[in-house]
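Colleague: You'll find structure_22.cif just under this line, and it carries mmCIF, C-alpha atoms.
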```cif
data_query
loop_
_atom_site.group_PDB
_atom_site.id
_atom_site.type_symbol
_atom_site.label_atom_id
_atom_site.label_comp_id
_atom_site.auth_asym_id
_atom_site.auth_seq_id
_atom_site.Cartn_x
_atom_site.Cartn_y
_atom_site.Cartn_z
ATOM 1 C CA MET A 176 35.091 -57.032 20.040
ATOM 2 C CA LYS A 177 38.607 -55.583 20.259
ATOM 3 C CA LEU A 178 40.606 -53.980 17.456
ATOM 4 C CA TRP A 179 44.243 -54.893 16.733
ATOM 5 C CA PHE A 180 45.895 -52.721 14.078
ATOM 6 C CA ASN A 181 49.192 -53.778 12.538
ATOM 7 C CA LEU A 182 51.839 -52.119 10.396
ATOM 8 C CA PHE A 183 54.402 -53.810 8.173
ATOM 9 C CA CYS A 184 57.855 -52.554 9.174
ATOM 10 C CA GLN A 185 61.474 -53.035 8.238
ATOM 11 C CA ASP A 186 62.634 -52.620 11.872
ATOM 12 C CA ILE A 187 59.993 -53.860 14.313
ATOM 13 C CA ASP A 188 62.036 -53.003 17.405
ATOM 14 C CA ALA A 189 62.549 -49.382 16.345
ATOM 15 C CA GLN A 190 58.863 -49.002 15.428
ATOM 16 C CA GLN A 191 57.716 -50.477 18.742
ATOM 17 C CA GLN A 192 60.057 -48.196 20.668
ATOM 18 C CA PHE A 193 58.877 -45.121 18.732
ATOM 19 C CA TYR A 194 55.168 -45.733 19.343
ATOM 20 C CA GLN A 195 55.756 -46.808 22.932
ATOM 21 C CA ALA A 196 57.551 -43.521 23.608
ATOM 22 C CA LEU A 197 55.140 -41.373 21.575
ATOM 23 C CA LEU A 198 51.902 -42.849 22.980
ATOM 24 C CA GLN A 199 53.162 -43.932 26.413
ATOM 25 C CA LEU A 200 51.802 -47.452 25.921
ATOM 26 C CA PRO A 201 53.225 -50.637 27.403
ATOM 27 C CA GLU A 202 54.631 -53.388 25.239
ATOM 28 C CA ALA A 203 52.283 -56.320 24.599
ATOM 29 C CA VAL A 204 54.862 -58.787 25.912
ATOM 30 C CA GLY A 205 52.592 -61.835 25.560
ATOM 31 C CA THR A 206 52.414 -61.489 21.763
ATOM 32 C CA ARG A 207 56.131 -60.853 21.194
ATOM 33 C CA SER A 208 57.678 -63.193 18.627
ATOM 34 C CA PRO A 209 60.640 -63.137 16.224
ATOM 35 C CA ILE A 210 58.465 -61.339 13.647
ATOM 36 C CA TYR A 211 56.130 -59.282 15.865
ATOM 37 C CA ARG A 212 56.162 -56.524 18.471
ATOM 38 C CA ALA A 213 53.216 -54.488 19.789
ATOM 39 C CA VAL A 214 51.971 -51.840 22.209
ATOM 40 C CA GLU A 215 48.506 -52.000 23.712
ATOM 41 C CA THR A 216 45.690 -50.751 25.911
ATOM 42 C CA GLU A 217 42.726 -52.712 27.244
ATOM 43 C CA SER A 218 40.759 -51.925 24.068
ATOM 44 C CA PHE A 219 43.316 -52.131 21.244
ATOM 45 C CA GLN A 220 46.727 -53.338 20.199
ATOM 46 C CA LEU A 221 49.006 -51.602 17.721
ATOM 47 C CA GLY A 222 51.380 -54.138 16.232
ATOM 48 C CA PHE A 223 54.507 -54.104 14.093
ATOM 49 C CA ASN A 224 55.154 -56.986 11.698
ATOM 50 C CA ALA A 225 58.485 -57.865 10.128
ATOM 51 C CA PRO A 226 58.472 -58.479 6.362
ATOM 52 C CA ALA A 227 58.223 -62.272 6.949
ATOM 53 C CA ALA A 228 54.573 -61.710 7.925
ATOM 54 C CA TYR A 229 53.611 -61.109 4.285
ATOM 55 C CA ALA A 230 54.032 -64.827 3.501
ATOM 56 C CA LEU A 231 52.491 -65.948 6.811
ATOM 57 C CA LEU A 232 49.291 -64.086 5.950
ATOM 58 C CA GLY A 233 49.075 -65.284 2.343
ATOM 59 C CA LEU A 234 50.244 -61.905 1.015
ATOM 60 C CA GLY A 235 53.603 -63.006 -0.389
ATOM 61 C CA ASP A 236 52.713 -61.608 -3.816
ATOM 62 C CA ARG A 237 52.378 -58.137 -2.212
ATOM 63 C CA THR A 238 55.833 -58.056 -0.632
ATOM 64 C CA PRO A 239 57.386 -54.790 -1.807
ATOM 65 C CA PRO A 240 60.855 -54.752 -3.379
ATOM 66 C CA ASP A 241 63.580 -53.630 -0.956
ATOM 67 C CA GLY A 242 63.315 -49.934 -0.201
ATOM 68 C CA GLN A 243 59.894 -49.466 -1.809
ATOM 69 C CA GLN A 244 56.561 -48.628 -0.176
ATOM 70 C CA SER A 245 54.198 -51.558 0.218
ATOM 71 C CA ALA A 246 50.815 -51.630 -1.482
ATOM 72 C CA VAL A 247 49.473 -52.917 1.868
ATOM 73 C CA THR A 248 50.826 -50.621 4.561
ATOM 74 C CA GLY A 249 48.630 -51.838 7.404
ATOM 75 C CA TYR A 250 45.597 -53.881 8.251
ATOM 76 C CA ALA A 251 43.045 -53.982 11.035
ATOM 77 C CA THR A 252 42.411 -57.143 13.004
ATOM 78 C CA PHE A 253 38.941 -57.539 14.468
ATOM 79 C CA MET A 254 38.884 -59.964 17.370
ATOM 80 C CA LEU A 255 35.648 -61.958 17.405
ATOM 81 C CA ASP A 256 34.218 -64.145 20.160
ATOM 82 C CA SER A 257 34.804 -67.602 18.688
ATOM 83 C CA PRO A 258 36.432 -69.550 15.850
ATOM 84 C CA ASP A 259 32.963 -70.296 14.456
ATOM 85 C CA ALA A 260 32.210 -66.561 14.309
ATOM 86 C CA VAL A 261 35.417 -66.034 12.278
ATOM 87 C CA THR A 262 34.458 -68.705 9.768
ATOM 88 C CA ALA A 263 30.891 -67.426 9.410
ATOM 89 C CA ALA A 264 31.962 -63.795 9.088
ATOM 90 C CA SER A 265 34.546 -64.618 6.407
ATOM 91 C CA HIS A 266 31.794 -66.092 4.237
ATOM 92 C CA HIS A 267 29.522 -63.142 4.996
ATOM 93 C CA ALA A 268 32.258 -60.683 3.956
ATOM 94 C CA ALA A 269 32.607 -62.461 0.614
ATOM 95 C CA ALA A 270 28.831 -62.387 0.117
ATOM 96 C CA LEU A 271 28.852 -58.630 0.710
ATOM 97 C CA GLY A 272 31.411 -58.027 -2.059
ATOM 98 C CA GLY A 273 34.676 -58.615 -0.183
ATOM 99 C CA ARG A 274 37.256 -61.239 -1.004
ATOM 100 C CA ILE A 275 38.787 -64.047 1.009
ATOM 101 C CA VAL A 276 42.575 -63.654 0.700
ATOM 102 C CA LYS A 277 43.357 -66.573 3.005
ATOM 103 C CA ALA A 278 40.591 -68.905 4.173
ATOM 104 C CA PRO A 279 40.214 -69.534 7.927
ATOM 105 C CA TYR A 280 43.256 -71.308 9.335
ATOM 106 C CA ALA A 281 45.015 -72.098 12.614
ATOM 107 C CA THR A 282 47.855 -69.678 13.317
ATOM 108 C CA TYR A 283 51.112 -70.735 14.956
ATOM 109 C CA TYR A 284 50.077 -68.609 17.969
ATOM 110 C CA GLY A 285 46.804 -70.444 18.667
ATOM 111 C CA GLN A 286 44.181 -68.282 16.961
ATOM 112 C CA TRP A 287 41.644 -69.113 14.258
ATOM 113 C CA GLN A 288 42.029 -66.457 11.602
ATOM 114 C CA THR A 289 41.055 -65.404 8.100
ATOM 115 C CA VAL A 290 42.577 -62.689 5.899
ATOM 116 C CA LEU A 291 40.078 -60.711 3.862
ATOM 117 C CA ALA A 292 39.921 -57.755 1.491
ATOM 118 C CA ASP A 293 37.015 -55.309 1.421
ATOM 119 C CA PRO A 294 35.346 -54.192 -1.829
ATOM 120 C CA GLU A 295 38.077 -51.540 -2.310
ATOM 121 C CA ASP A 296 40.808 -54.161 -1.690
ATOM 122 C CA ASN A 297 41.835 -52.931 1.782
ATOM 123 C CA VAL A 298 43.191 -55.926 3.689
ATOM 124 C CA PHE A 299 41.964 -56.834 7.177
ATOM 125 C CA ARG A 300 41.718 -59.879 9.392
ATOM 126 C CA LEU A 301 39.082 -61.529 11.526
ATOM 127 C CA SER A 302 40.430 -63.645 14.344
ATOM 128 C CA ALA A 303 39.406 -65.468 17.526
ATOM 129 C CA MET A 304 41.373 -66.956 20.378
ATOM 130 C CA GLY A 305 41.439 -70.747 20.198
ATOM 131 C CA LEU A 306 40.716 -73.187 17.433
ATOM 132 C CA PRO A 307 37.527 -74.814 16.127
ATOM 133 C CA ALA A 308 36.310 -78.034 17.691
ATOM 134 C CA ALA A 309 37.964 -81.251 16.440
ATOM 135 C CA GLY A 310 36.718 -82.241 13.019
ATOM 136 C CA ALA A 311 36.089 -78.678 11.841
ATOM 137 C CA ALA A 312 37.230 -77.883 8.302
ATOM 138 C CA THR A 313 40.630 -76.220 7.947
ATOM 139 C CA GLU A 314 42.534 -74.749 5.052
ATOM 140 C CA PRO A 315 44.254 -77.439 2.948
#
```
Would you write the structure of this file as structure tokens?
Modeller:
Amino acid sequence: MKLWFNLFCQDIDAQQQFYQALLQLPEAVGTRSPIYRAVETESFQLGFNAPAAYALLGLGDRTPPDGQQSAVTGYATFMLDSPDAVTAASHHAAALGGRIVKAPYATYYGQWQTVLADPEDNVFRLSAMGLPAAGAATEP
């Protein structure tokens, strides 16, 4: 399992440049998109999401007003081995007292992902590279 940790930012380029300089980490060029930048090592990735990511993740109701601190300032992403493991773990998290924020779904970048909240309402994601086999249930 690898850990990806992401921060919501107003200026993703400035944040990426700051952490790259501070931590001497290379940019994660392969994950760069219009709303995402990151730095990484072999064992983790520290990412910077533009405000548009709130809606993408099903957190649109948590988007802070301009100039105000967000209630969700960051979230961990735990990379699992398979799409099936993501789906199973999302149900297990709910059974343990967590909450499914966004049921497992196919991302635009080719991962199977779910957004969850722990019992104290801290948001995190479970994700796997690839998508479930054809015919698997997806979010409506």
Colleague: Which one is closest to A:Cys184: A:Ala213, A:Ala251, A:Val261, A:Leu200? Count all atoms listed in the file.
Modeller: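 Among the listed residues, the smallest separation from A:Cys184 belongs to A:Ala213.
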Colleague: Quick one: apply the PyMOL selection byres ((chain A and resi 231) around 12) to the file and drop the selected residues here as an MDAnalysis selection string.
Modeller: chainID A and resid 210:211 224:230 232:238 276:277 280:284 288:290
Colleague: For the file shown, report as number ranges by chain the outcome of the PyMOL selection byres ((chain A and resi 292) around 9) at residue level.
Modeller: A: 268-269, 273-276, 290-291, 293-300
Colleague: What is the distance between atom CA of A:Gln286 and atom CA of A:Glu217, in Å to one decimal?
Modeller: 18.7 Å
Colleague: Counting only C-alpha atoms, note down every residue that has an atom within 7 Å of the point (34.5, -74.4, 18.3) (file coordinates), as number ranges by chain.
Modeller: A: 257-259, 306-308
